[in-house]
file query02.txt (compact mmCIF, C-alpha atoms)
# COMPACT_ATOMS: atom_id res chain seq x y z
CA MET U 1 93.72 17.25 153.85
CA ASN U 2 95.03 18.47 157.21
CA SER U 3 95.71 21.78 158.89
CA ALA U 4 99.11 22.26 160.52
CA VAL U 5 97.74 25.20 162.49
CA LEU U 6 94.80 23.29 163.97
CA HIS U 7 97.14 20.43 164.87
CA GLN U 8 99.43 22.90 166.65
CA LEU U 9 96.79 24.30 168.98
CA ASP U 10 96.70 23.15 172.60
CA ARG U 11 92.94 23.71 172.55
CA PRO U 12 90.56 23.30 169.57
CA LEU U 13 89.29 26.85 169.90
CA VAL U 14 89.41 29.76 167.47
CA GLN U 15 88.54 33.26 168.65
CA ALA U 16 86.25 34.78 166.04
CA PRO U 17 87.56 38.00 164.50
CA MET U 18 85.28 40.79 165.76
CA ALA U 19 85.86 44.08 163.94
CA GLY U 20 85.05 47.00 166.20
CA SER U 21 85.15 44.93 169.41
CA GLN U 22 88.79 43.91 169.65
CA ASP U 23 92.38 44.62 168.78
CA HIS U 24 95.66 42.69 169.17
CA ARG U 25 95.20 42.27 172.93
CA LEU U 26 92.37 39.76 172.70
CA ALA U 27 94.19 37.76 170.02
CA ILE U 28 97.28 37.58 172.23
CA ALA U 29 95.30 36.50 175.29
CA VAL U 30 93.58 33.67 173.40
CA GLY U 31 96.87 32.53 171.88
CA LEU U 32 98.53 32.44 175.28
CA SER U 33 95.57 30.38 176.53
CA GLY U 34 96.11 27.67 173.92
CA GLY U 35 93.62 28.71 171.24
CA LEU U 36 93.98 30.57 167.94
CA GLY U 37 93.66 34.31 168.31
CA SER U 38 92.32 36.37 165.43
CA LEU U 39 92.92 39.94 164.29
CA PRO U 40 90.07 41.52 162.25
CA CYS U 41 91.39 43.87 159.57
CA ALA U 42 88.26 44.78 157.59
CA MET U 43 87.97 48.13 159.39
CA LEU U 44 91.72 48.87 159.48
CA THR U 45 93.86 50.69 156.96
CA PRO U 46 96.98 48.81 155.86
CA GLU U 47 99.01 51.11 158.13
CA GLN U 48 96.78 50.36 161.11
CA MET U 49 97.01 46.64 160.36
CA VAL U 50 100.80 46.78 160.36
CA SER U 51 100.79 48.63 163.69
CA GLU U 52 98.48 46.02 165.24
CA LEU U 53 100.58 43.13 163.95
CA ARG U 54 103.77 44.68 165.30
CA LEU U 55 102.20 45.05 168.72
CA LEU U 56 100.89 41.51 168.57
CA ARG U 57 104.26 40.03 167.67
CA THR U 58 105.96 41.73 170.61
CA GLN U 59 104.00 39.44 172.96
CA TRP U 60 103.02 36.39 170.92
CA SER U 61 105.06 34.39 168.40
CA GLY U 62 102.63 31.51 167.91
CA PRO U 63 99.95 31.02 165.23
CA ILE U 64 97.68 33.95 164.42
CA ASN U 65 94.63 34.35 162.17
CA VAL U 66 94.41 37.62 160.24
CA ASN U 67 90.92 38.21 158.86
CA PHE U 68 89.63 40.19 155.85
CA PHE U 69 86.44 40.70 153.87
CA ALA U 70 86.33 39.51 150.26
CA HIS U 71 83.26 41.35 149.01
CA THR U 72 82.96 43.26 145.75
CA PRO U 73 82.40 46.96 146.54
CA PRO U 74 79.16 48.26 144.98
CA GLN U 75 78.83 51.41 142.94
CA PRO U 76 77.43 54.25 145.07
CA ASP U 77 73.86 55.20 144.16
CA GLU U 78 73.06 58.76 145.19
CA ALA U 79 69.32 58.28 144.74
CA VAL U 80 69.37 55.29 147.11
CA ASN U 81 71.49 57.23 149.60
CA GLN U 82 69.16 60.21 149.61
CA ALA U 83 66.07 58.02 149.97
CA TRP U 84 67.70 56.26 152.93
CA LEU U 85 68.59 59.54 154.60
CA ARG U 86 64.97 60.66 154.27
CA ILE U 87 63.95 57.52 156.15
CA LEU U 88 66.52 58.23 158.85
CA LYS U 89 65.76 61.98 159.10
CA PRO U 90 63.18 61.78 161.94
CA LEU U 91 65.82 60.17 164.14
CA TYR U 92 68.47 62.65 163.01
CA ASP U 93 66.08 65.46 163.98
CA GLU U 94 65.17 63.88 167.32
CA PHE U 95 68.79 63.63 168.40
CA GLY U 96 69.82 67.02 167.01
CA VAL U 97 72.06 65.74 164.24
CA GLY U 98 72.20 67.47 160.88
CA LEU U 99 72.20 65.53 157.64
CA ASP U 100 75.09 67.77 156.59
CA GLU U 101 77.22 65.84 159.10
CA VAL U 102 77.00 62.73 156.94
CA VAL U 103 80.22 62.02 155.06
CA PRO U 104 79.58 59.22 152.55
CA GLY U 105 82.49 56.88 152.09
CA PRO U 106 83.48 53.42 150.93
CA GLY U 107 83.17 51.85 154.38
CA ARG U 108 84.93 48.53 154.82
CA GLN U 109 87.54 47.67 152.21
CA PRO U 110 87.99 44.17 150.74
CA PHE U 111 91.34 42.40 150.71
CA ASN U 112 93.56 43.79 147.97
CA SER U 113 97.19 43.95 146.83
CA THR U 114 98.01 46.78 149.23
CA TYR U 115 96.93 44.70 152.21
CA LEU U 116 98.75 41.67 150.80
CA ASP U 117 102.03 43.56 150.40
CA ALA U 118 101.77 44.98 153.93
CA LEU U 119 100.89 41.56 155.35
CA ALA U 120 103.65 39.57 153.64
CA PRO U 121 106.54 40.49 156.01
CA PHE U 122 104.57 39.08 158.96
CA LYS U 123 103.75 35.76 157.26
CA PRO U 124 100.71 35.01 159.43
CA GLU U 125 99.90 31.33 159.79
CA VAL U 126 96.25 31.84 158.84
CA VAL U 127 94.63 34.41 156.55
CA SER U 128 90.87 34.08 156.70
CA PHE U 129 88.08 35.62 154.68
CA HIS U 130 84.40 36.45 155.00
CA PHE U 131 82.12 36.65 151.93
CA GLY U 132 84.01 34.15 149.81
CA LEU U 133 87.61 34.40 148.62
CA PRO U 134 89.69 36.89 146.64
CA TYR U 135 90.91 35.71 143.24
CA SER U 136 93.49 32.92 143.21
CA ALA U 137 96.48 35.14 142.40
CA MET U 138 95.95 36.82 145.78
CA LEU U 139 96.03 33.47 147.56
CA GLU U 140 99.23 32.14 145.98
CA PRO U 141 101.61 34.40 147.97
CA ILE U 142 99.87 33.43 151.23
CA LYS U 143 100.35 29.74 150.50
CA GLY U 144 103.87 30.53 149.32
CA TRP U 145 104.94 31.68 152.78
CA GLY U 146 103.31 28.62 154.33
CA GLY U 147 100.06 30.30 155.36
CA GLU U 148 96.68 28.60 155.37
CA VAL U 149 93.61 30.11 153.71
CA TRP U 150 90.36 29.82 155.69
CA SER U 151 86.90 31.10 154.78
CA SER U 152 83.29 30.99 156.00
CA ALA U 153 80.52 28.94 154.40
CA THR U 154 76.86 29.29 155.30
CA THR U 155 75.66 26.45 153.03
CA VAL U 156 77.01 23.16 151.71
CA ASP U 157 77.27 24.67 148.22
CA GLU U 158 79.46 27.46 149.57
CA ALA U 159 81.66 24.92 151.38
CA ARG U 160 82.20 22.96 148.17
CA TRP U 161 82.94 26.20 146.27
CA LEU U 162 85.51 27.28 148.85
CA GLN U 163 87.31 23.95 148.73
CA ALA U 164 87.39 24.07 144.92
CA HIS U 165 88.80 27.60 144.95
CA GLY U 166 91.67 27.15 147.38
CA ALA U 167 90.41 27.15 150.98
CA ASP U 168 92.46 24.95 153.30
CA VAL U 169 89.94 25.11 156.16
CA ILE U 170 86.21 25.88 156.02
CA ILE U 171 84.34 27.65 158.80
CA ALA U 172 80.76 26.36 158.87
CA GLN U 173 78.82 29.44 160.02
CA GLY U 174 75.40 28.59 161.40
CA LEU U 175 72.48 30.97 161.41
CA GLU U 176 72.89 31.58 165.16
CA ALA U 177 76.20 33.38 164.70
CA GLY U 178 76.58 37.00 165.72
CA GLY U 179 77.80 39.65 163.29
CA HIS U 180 77.73 39.51 159.51
CA ARG U 181 76.52 36.49 157.63
CA GLY U 182 79.32 35.12 155.47
CA HIS U 183 77.13 34.11 152.51
CA PHE U 184 78.40 34.87 149.02
CA LEU U 185 76.71 32.52 146.52
CA SER U 186 73.13 33.52 147.33
CA PRO U 187 71.58 36.30 149.47
CA ASP U 188 68.59 34.04 150.22
CA LEU U 189 68.62 33.63 154.00
CA SER U 190 66.05 30.83 153.80
CA VAL U 191 68.69 28.42 152.45
CA GLN U 192 70.84 28.87 155.56
CA CYS U 193 70.45 26.72 158.66
CA GLY U 194 71.68 26.35 162.23
CA THR U 195 75.18 25.29 163.18
CA PHE U 196 74.37 21.76 164.27
CA ALA U 197 72.38 21.08 161.11
CA LEU U 198 74.96 22.67 158.79
CA LEU U 199 78.11 21.25 160.39
CA PRO U 200 77.68 17.51 159.69
CA GLN U 201 76.53 18.24 156.13
CA VAL U 202 79.66 20.30 155.44
CA VAL U 203 81.93 17.71 157.08
CA ALA U 204 80.45 15.06 154.78
CA ALA U 205 80.72 17.23 151.67
CA VAL U 206 84.38 18.33 151.82
CA GLN U 207 87.77 16.77 152.43
CA CYS U 208 89.36 19.69 154.29
CA PRO U 209 89.03 20.37 158.05
CA VAL U 210 85.88 22.15 159.19
CA VAL U 211 85.57 24.66 162.04
CA ALA U 212 82.12 25.10 163.60
CA ALA U 213 80.85 28.63 164.25
CA GLY U 214 77.61 30.10 165.55
CA GLY U 215 75.79 29.82 168.85
CA VAL U 216 78.57 27.93 170.65
CA ALA U 217 79.20 29.51 174.04
CA THR U 218 79.56 26.60 176.49
CA SER U 219 81.84 23.60 176.94
CA GLN U 220 78.89 21.34 176.09
CA GLY U 221 78.48 23.17 172.78
CA VAL U 222 82.18 22.78 172.01
CA GLN U 223 82.04 19.06 172.74
CA ALA U 224 78.92 18.63 170.61
CA ALA U 225 80.56 20.36 167.64
CA LEU U 226 83.66 18.17 167.94
CA ALA U 227 81.46 15.07 168.15
CA LEU U 228 79.78 16.09 164.90
CA GLY U 229 83.10 16.21 163.08
CA ALA U 230 84.43 19.72 163.65
CA SER U 231 88.20 19.98 163.96
CA ALA U 232 87.76 23.07 166.15
CA VAL U 233 85.14 25.58 167.20
CA GLN U 234 85.13 29.33 166.47
CA VAL U 235 83.64 31.45 169.25
CA GLY U 236 82.92 35.17 169.17
CA SER U 237 80.12 36.43 171.42
CA ALA U 238 81.53 34.74 174.51
CA PHE U 239 84.58 37.05 174.21
CA LEU U 240 82.65 40.32 173.85
CA LEU U 241 82.84 40.97 177.60
CA ALA U 242 86.44 39.81 177.96
CA HIS U 243 88.73 42.24 179.78
CA GLU U 244 90.91 42.31 176.66
CA SER U 245 88.11 43.21 174.21
CA THR U 246 87.40 46.76 173.08
CA THR U 247 83.61 46.37 173.16
CA THR U 248 82.08 49.79 173.90
CA GLN U 249 80.40 50.54 177.21
CA VAL U 250 77.05 50.92 175.42
CA HIS U 251 77.48 47.49 173.84
CA ARG U 252 78.68 45.94 177.12
CA ALA U 253 75.64 47.26 178.99
CA ALA U 254 73.31 45.80 176.37
CA LEU U 255 75.07 42.42 176.52
CA LYS U 256 74.77 42.26 180.29
CA ALA U 257 71.02 42.76 179.91
CA SER U 258 70.79 40.38 176.93
CA PRO U 259 68.71 37.59 178.56
CA LEU U 260 65.78 39.97 178.16
CA THR U 261 66.75 41.09 174.64
CA PRO U 262 66.28 38.94 171.51
CA THR U 263 68.65 38.99 168.55
CA ALA U 264 67.73 39.40 164.89
CA LEU U 265 69.36 39.61 161.50
CA THR U 266 69.47 43.20 160.27
CA ASN U 267 70.85 45.12 157.30
CA LEU U 268 70.26 48.58 158.78
CA PHE U 269 73.78 49.23 160.00
CA SER U 270 75.90 48.10 157.06
CA GLY U 271 73.58 47.08 154.24
CA ARG U 272 74.18 43.36 154.74
CA PRO U 273 72.43 40.90 157.10
CA ALA U 274 74.17 40.62 160.46
CA ARG U 275 72.94 39.34 163.81
CA GLY U 276 72.72 41.68 166.77
CA LEU U 277 70.64 42.54 169.80
CA VAL U 278 67.31 44.09 168.84
CA ASN U 279 67.28 47.83 169.55
CA ARG U 280 65.15 50.84 168.75
CA LEU U 281 66.34 51.35 165.17
CA MET U 282 65.52 47.74 164.32
CA LYS U 283 62.08 48.05 165.93
CA ASP U 284 61.28 51.38 164.27
CA LEU U 285 62.38 50.51 160.73
CA GLY U 286 62.12 46.73 160.72
CA ALA U 287 65.28 44.67 161.07
CA LEU U 288 65.63 43.94 157.32
CA HIS U 289 64.78 47.00 155.24
CA PRO U 290 64.74 46.96 151.41
CA GLY U 291 65.78 50.61 151.29
CA ALA U 292 69.15 50.17 153.00
CA PRO U 293 72.09 50.97 150.70
CA ALA U 294 74.23 48.05 149.59
CA PHE U 295 77.00 46.78 151.88
CA PRO U 296 79.05 48.54 153.12
CA LEU U 297 77.63 51.90 152.00
CA ALA U 298 74.96 52.07 154.70
CA THR U 299 77.54 52.43 157.49
CA PRO U 300 78.71 56.04 156.93
CA LEU U 301 75.13 57.26 156.43
CA LEU U 302 74.28 56.18 159.96
CA ALA U 303 77.58 57.09 161.61
CA PRO U 304 76.79 60.65 162.89
CA LEU U 305 73.46 59.53 164.34
CA ARG U 306 75.03 56.53 166.02
CA ALA U 307 77.76 58.69 167.55
CA ALA U 308 75.27 61.25 168.87
CA VAL U 309 73.04 58.60 170.45
CA GLU U 310 75.99 56.77 172.00
CA ARG U 311 77.16 60.04 173.60
CA GLN U 312 73.88 59.90 175.53
CA GLY U 313 74.78 56.41 176.74
CA LEU U 314 72.23 54.72 174.46
CA GLY U 315 72.62 51.89 171.97
CA ASP U 316 69.38 52.69 170.14
CA CYS U 317 71.14 53.25 166.81
CA SER U 318 74.24 51.08 167.25
CA PRO U 319 75.08 47.65 165.84
CA LEU U 320 75.06 45.50 168.99
CA TRP U 321 76.43 42.37 167.37
CA CYS U 322 75.76 39.18 169.30
CA GLY U 323 74.99 35.52 168.62
CA GLN U 324 71.89 33.73 169.81
CA HIS U 325 73.64 31.97 172.70
CA LEU U 326 75.46 34.37 174.99
CA ALA U 327 76.31 32.37 178.10
CA VAL U 328 78.37 35.10 179.78
CA GLN U 329 76.86 38.27 181.22
CA HIS U 330 79.85 39.35 183.29
CA GLU U 331 83.33 40.60 182.48
CA GLU U 332 86.36 38.37 182.99
CA PRO U 333 89.78 37.63 181.44
CA ALA U 334 89.90 35.82 178.11
CA GLU U 335 91.99 33.09 179.73
CA MET U 336 89.05 32.14 181.96
CA ILE U 337 86.66 32.13 179.00
CA VAL U 338 88.92 29.76 177.04
CA ALA U 339 89.34 27.47 180.06
CA ARG U 340 85.59 27.28 180.62
CA LEU U 341 84.81 26.60 176.96
CA CYS U 342 87.38 23.81 176.84
CA ALA U 343 86.55 22.27 180.21
CA GLY U 344 86.26 18.49 180.05
CA LEU U 345 88.23 18.09 176.82
CA LYS U 346 91.04 15.56 176.78
CA PRO U 347 94.51 17.11 176.42
CA ARG U 348 95.71 17.11 172.83
CA SER U 349 98.67 14.85 172.19

call {"tool": "encode", "arguments": {"input": "query02.txt", "output": "structure tokens"}}
result
Amino acid sequence: MNSAVLHQLDRPLVQAPMAGSQDHRLAIAVGLSGGLGSLPCAMLTPEQMVSELRLLRTQWSGPINVNFFAHTPPQPDEAVNQAWLRILKPLYDEFGVGLDEVVPGPGRQPFNSTYLDALAPFKPEVVSFHFGLPYSAMLEPIKGWGGEVWSSATTVDEARWLQAHGADVIIAQGLEAGGHRGHFLSPDLSVQCGTFALLPQVVAAVQCPVVAAGGVATSQGVQAALALGASAVQVGSAFLLAHESTTTQVHRAALKASPLTPTALTNLFSGRPARGLVNRLMKDLGALHPGAPAFPLATPLLAPLRAAVERQGLGDCSPLWCGQHLAVQHEEPAEMIVARLCAGLKPRS
């Protein structure tokens, strides 16, 4: 099995979709630099997605990856919500935020028919998913317009499942990766491993192309992943300080100081394990807390507190997503980041 999109790229580099830290501008910049740009849509309404895609297509006509979540939304549990707010109340009080400012909501929406109908006129070359795949009837129209279906696997079992259920390309997401873990078969983090342990196992287990993701932020890392059988490498954290990203000033400041700050997996901000820089909330409550509401219901319960703390220029209660290997602590154009990551690679024929 081959990927027409991967074969098309001048450089074997995929920009990881980073919801909340980018828009169409970063995807365009990476595409113009020879890689595959990605547009995260998990936090966009269908109308916002259409607006972003229109803006993107005014400046870039090449391949694009449009990314969605494929989780099953949980039923809200008011008792869990209230218990969680009681845990958060000391911080709400400290920063002068009232619990009456909390507006519970569904948070991030999974891919559905409304998104599919809005996406169809654009016929993106890649539609990728996190947390598994939607049901097969949702994938058929994508493949019908010639699009490829990609999805993340955090274990060999997940990679095999994805191939069996219609994925054309598998993203092997190592434990070092920043942002949300893509696991969907088991929540047991102990069965997940690092990128360079996972990658060759996935390559050996499936027949489709594999993209390596997690902890790759240098040209040496890119070359190592390709040597282990990856068809391309997906990079996220290295683009967080790109001129074209929308990373907040609070997040940027934390990233620039990151050599002194460890990362950890935490469920405090969304209800699902995700890797970010350790901050006060993670220290005070413990990075993984059993009382956090199920993903994505934890997000709106923290939102007013996060906003109030960020207005003071602090990231104490913000999700500062970042992988374990951030090799860039200064801001620069995405074009330079792509060139540095791909330095030393032979030109693709």

call {"tool": "closest_residue", "arguments": {"input": "query02.txt", "among": "U:Leu185, U:Val309, U:Leu116, U:Val206", "to": "Val169 in chain U", "atoms": "all atoms listed in the file"}}
result
U:Val206

call {"tool": "closest_atom_pairs", "arguments": {"input": "query02.txt", "of": "range 283-323 of chain U", "to": "range 238-259 of chain U", "cutoff": "9 Å", "atoms": "only C-alpha atoms", "output": "CSV"}}
result
residue,atom,partner,partner_atom,distance
U:Glu310,CA,U:Val250,CA,6.9
U:Gly313,CA,U:Val250,CA,6.1
U:Leu314,CA,U:Val250,CA,6.2
U:Gly315,CA,U:Val250,CA,5.7
U:Ser318,CA,U:His251,CA,8.2
U:Pro319,CA,U:His251,CA,8.4
U:Leu320,CA,U:His251,CA,5.8
U:Trp321,CA,U:His251,CA,8.3
U:Cys322,CA,U:Leu255,CA,7.9
U:Gly323,CA,U:Ala238,CA,8.8

call {"tool": "write_last_selection", "arguments": {"input": "query02.txt", "atoms": "C-alpha atoms", "output": "tab-separated table (two decimals), keeping the file's coordinate frame"}}
result
chain	number	residue	atom	x	y	z
U	310	GLU	CA	75.99	56.77	172.00
U	313	GLY	CA	74.78	56.41	176.74
U	314	LEU	CA	72.23	54.72	174.46
U	315	GLY	CA	72.62	51.89	171.97
U	318	SER	CA	74.24	51.08	167.25
U	319	PRO	CA	75.08	47.65	165.84
U	320	LEU	CA	75.06	45.50	168.99
U	321	TRP	CA	76.43	42.37	167.37
U	322	CYS	CA	75.76	39.18	169.30
U	323	GLY	CA	74.99	35.52	168.62

call {"tool": "closest_residue", "arguments": {"input": "query02.txt", "among": "U:Ala79, U:Leu198, U:Met49, U:Ile87", "to": "Asp117 in chain U", "atoms": "all atoms listed in the file"}}
result
U:Met49

call {"tool": "atom_distance", "arguments": {"input": "query02.txt", "atom1": "CA of Gln192 in chain U", "atom2": "CA of Cys317 in chain U"}}
result
26.9 Å

call {"tool": "residues_around", "arguments": {"input": "query02.txt", "residues": "Ser219 in chain U", "least_positions_apart": "6", "cutoff": "7 Å", "atoms": "all atoms listed in the file", "output": "compact mmCIF listing (two decimals) with C-alpha atoms, in the frame of the given file"}}
result
# COMPACT_ATOMS: atom_id res chain seq x y z
CA ARG U 340 85.59 27.28 180.62
CA LEU U 341 84.81 26.60 176.96
CA CYS U 342 87.38 23.81 176.84
CA ALA U 343 86.55 22.27 180.21

call {"tool": "residues_around", "arguments": {"input": "query02.txt", "residues": "range 16-20 of chain U", "least_positions_apart": "2", "cutoff": "6 Å", "atoms": "all atoms listed in the file", "output": "list in words"}}
result
Gln22, Ser38, Leu39, Pro40, Gln234, Val235 and Gly236 of chain U

call {"tool": "write_last_selection", "arguments": {"input": "query02.txt", "atoms": "C-alpha atoms", "output": "PDB file, in the coordinates of the input"}}
result
ATOM      1  CA  GLN U  22      88.790  43.910 169.650  1.00  0.00           C
ATOM      2  CA  SER U  38      92.320  36.370 165.430  1.00  0.00           C
ATOM      3  CA  LEU U  39      92.920  39.940 164.290  1.00  0.00           C
ATOM      4  CA  PRO U  40      90.070  41.520 162.250  1.00  0.00           C
ATOM      5  CA  GLN U 234      85.130  29.330 166.470  1.00  0.00           C
ATOM      6  CA  VAL U 235      83.640  31.450 169.250  1.00  0.00           C
ATOM      7  CA  GLY U 236      82.920  35.170 169.170  1.00  0.00           C
TER       8      GLY U 236
END

call {"tool": "closest_atom_pairs", "arguments": {"input": "query02.txt", "of": "range 31-126 of chain U", "to": "range 275-285 of chain U", "cutoff": "12 Å", "atoms": "all atoms listed in the file", "output": "JSON lines"}}
result
{"residue": "U:Trp84", "atom": "CA", "partner": "U:Leu285", "partner_atom": "CA", "distance": 11.1}
{"residue": "U:Ile87", "atom": "CA", "partner": "U:Leu285", "partner_atom": "CA", "distance": 8.5}
{"residue": "U:Leu88", "atom": "CA", "partner": "U:Leu285", "partner_atom": "CA", "distance": 9.0}
{"residue": "U:Pro90", "atom": "CA", "partner": "U:Asp284", "partner_atom": "CA", "distance": 10.8}
{"residue": "U:Leu91", "atom": "CA", "partner": "U:Leu281", "partner_atom": "CA", "distance": 8.9}
{"residue": "U:Tyr92", "atom": "CA", "partner": "U:Leu281", "partner_atom": "CA", "distance": 11.7}

call {"tool": "atom_distance", "arguments": {"input": "query02.txt", "atom1": "CA of Ala42 in chain U", "atom2": "CA of Thr72 in chain U"}}
result
13.1 Å

call {"tool": "closest_residue", "arguments": {"input": "query02.txt", "among": "U:Ala153, U:Arg57, U:Thr218, U:Ala334", "to": "Leu199 in chain U", "atoms": "only C-alpha atoms"}}
result
U:Ala153

call {"tool": "atom_distance", "arguments": {"input": "query02.txt", "atom1": "CA of Gly174 in chain U", "atom2": "CA of Ser3 in chain U"}}
result
21.6 Å

call {"tool": "axis_aligned_box", "arguments": {"input": "query02.txt", "around": "range 34-47 of chain U", "padding_each_side": "6 Å", "output": "JSON"}}
result
{"center_x": 93.5, "center_y": 39.4, "center_z": 164.9, "size_x": 23.0, "size_y": 35.4, "size_z": 30.1}

call {"tool": "build_atoms", "arguments": {"input": "query02.txt", "residues": "range 233-257 of chain U", "atoms": "N, CA and C atoms", "output": "PDB file, in the coordinates of the input"}}
result
ATOM      1  N   VAL U 233      86.331  24.741 167.092  1.00  0.00           N
ATOM      2  CA  VAL U 233      85.140  25.580 167.200  1.00  0.00           C
ATOM      3  C   VAL U 233      85.571  27.044 167.221  1.00  0.00           C
ATOM      4  N   GLN U 234      84.870  27.883 166.451  1.00  0.00           N
ATOM      5  CA  GLN U 234      85.130  29.330 166.470  1.00  0.00           C
ATOM      6  C   GLN U 234      84.071  30.002 167.321  1.00  0.00           C
ATOM      7  N   VAL U 235      84.529  30.807 168.285  1.00  0.00           N
ATOM      8  CA  VAL U 235      83.640  31.450 169.250  1.00  0.00           C
ATOM      9  C   VAL U 235      83.881  32.953 169.238  1.00  0.00           C
ATOM     10  N   GLY U 236      82.801  33.727 169.168  1.00  0.00           N
ATOM     11  CA  GLY U 236      82.920  35.170 169.170  1.00  0.00           C
ATOM     12  C   GLY U 236      82.234  35.833 170.337  1.00  0.00           C
ATOM     13  N   SER U 237      80.908  35.678 170.434  1.00  0.00           N
ATOM     14  CA  SER U 237      80.120  36.430 171.420  1.00  0.00           C
ATOM     15  C   SER U 237      80.588  36.209 172.846  1.00  0.00           C
ATOM     16  N   ALA U 238      81.072  35.014 173.150  1.00  0.00           N
ATOM     17  CA  ALA U 238      81.530  34.740 174.510  1.00  0.00           C
ATOM     18  C   ALA U 238      82.723  35.597 174.903  1.00  0.00           C
ATOM     19  N   PHE U 239      83.420  36.196 173.914  1.00  0.00           N
ATOM     20  CA  PHE U 239      84.580  37.050 174.210  1.00  0.00           C
ATOM     21  C   PHE U 239      84.239  38.539 174.221  1.00  0.00           C
ATOM     22  N   LEU U 240      82.996  38.899 173.934  1.00  0.00           N
ATOM     23  CA  LEU U 240      82.650  40.320 173.850  1.00  0.00           C
ATOM     24  C   LEU U 240      82.830  41.055 175.173  1.00  0.00           C
ATOM     25  N   LEU U 241      82.672  40.340 176.285  1.00  0.00           N
ATOM     26  CA  LEU U 241      82.840  40.970 177.600  1.00  0.00           C
ATOM     27  C   LEU U 241      84.188  40.648 178.227  1.00  0.00           C
ATOM     28  N   ALA U 242      85.091  40.085 177.446  1.00  0.00           N
ATOM     29  CA  ALA U 242      86.440  39.810 177.960  1.00  0.00           C
ATOM     30  C   ALA U 242      87.130  41.120 178.346  1.00  0.00           C
ATOM     31  N   HIS U 243      87.968  41.053 179.370  1.00  0.00           N
ATOM     32  CA  HIS U 243      88.730  42.240 179.780  1.00  0.00           C
ATOM     33  C   HIS U 243      89.548  42.796 178.617  1.00  0.00           C
ATOM     34  N   GLU U 244      90.013  41.894 177.740  1.00  0.00           N
ATOM     35  CA  GLU U 244      90.910  42.310 176.660  1.00  0.00           C
ATOM     36  C   GLU U 244      90.179  42.797 175.409  1.00  0.00           C
ATOM     37  N   SER U 245      88.848  42.727 175.383  1.00  0.00           N
ATOM     38  CA  SER U 245      88.110  43.210 174.210  1.00  0.00           C
ATOM     39  C   SER U 245      87.969  44.728 174.279  1.00  0.00           C
ATOM     40  N   THR U 246      87.612  45.313 173.134  1.00  0.00           N
ATOM     41  CA  THR U 246      87.400  46.760 173.080  1.00  0.00           C
ATOM     42  C   THR U 246      85.921  47.103 172.920  1.00  0.00           C
ATOM     43  N   THR U 247      85.052  46.158 173.242  1.00  0.00           N
ATOM     44  CA  THR U 247      83.610  46.370 173.160  1.00  0.00           C
ATOM     45  C   THR U 247      83.224  47.641 173.911  1.00  0.00           C
ATOM     46  N   THR U 248      82.427  48.505 173.287  1.00  0.00           N
ATOM     47  CA  THR U 248      82.080  49.790 173.900  1.00  0.00           C
ATOM     48  C   THR U 248      81.229  49.587 175.147  1.00  0.00           C
ATOM     49  N   GLN U 249      81.191  50.618 175.986  1.00  0.00           N
ATOM     50  CA  GLN U 249      80.400  50.540 177.210  1.00  0.00           C
ATOM     51  C   GLN U 249      78.907  50.390 176.894  1.00  0.00           C
ATOM     52  N   VAL U 250      78.445  51.053 175.830  1.00  0.00           N
ATOM     53  CA  VAL U 250      77.050  50.920 175.420  1.00  0.00           C
ATOM     54  C   VAL U 250      76.745  49.470 175.038  1.00  0.00           C
ATOM     55  N   HIS U 251      77.644  48.878 174.273  1.00  0.00           N
ATOM     56  CA  HIS U 251      77.480  47.490 173.840  1.00  0.00           C
ATOM     57  C   HIS U 251      77.567  46.544 175.035  1.00  0.00           C
ATOM     58  N   ARG U 252      78.523  46.792 175.936  1.00  0.00           N
ATOM     59  CA  ARG U 252      78.680  45.940 177.120  1.00  0.00           C
ATOM     60  C   ARG U 252      77.417  45.965 177.985  1.00  0.00           C
ATOM     61  N   ALA U 253      76.851  47.147 178.164  1.00  0.00           N
ATOM     62  CA  ALA U 253      75.640  47.260 178.990  1.00  0.00           C
ATOM     63  C   ALA U 253      74.502  46.463 178.360  1.00  0.00           C
ATOM     64  N   ALA U 254      74.376  46.537 177.052  1.00  0.00           N
ATOM     65  CA  ALA U 254      73.310  45.800 176.370  1.00  0.00           C
ATOM     66  C   ALA U 254      73.526  44.293 176.495  1.00  0.00           C
ATOM     67  N   LEU U 255      74.781  43.849 176.403  1.00  0.00           N
ATOM     68  CA  LEU U 255      75.070  42.420 176.520  1.00  0.00           C
ATOM     69  C   LEU U 255      74.754  41.898 177.913  1.00  0.00           C
ATOM     70  N   LYS U 256      75.039  42.694 178.912  1.00  0.00           N
ATOM     71  CA  LYS U 256      74.770  42.260 180.290  1.00  0.00           C
ATOM     72  C   LYS U 256      73.275  42.120 180.543  1.00  0.00           C
ATOM     73  N   ALA U 257      72.481  42.842 179.778  1.00  0.00           N
ATOM     74  CA  ALA U 257      71.020  42.760 179.910  1.00  0.00           C
ATOM     75  C   ALA U 257      70.409  41.822 178.879  1.00  0.00           C
TER      76      ALA U 257
END
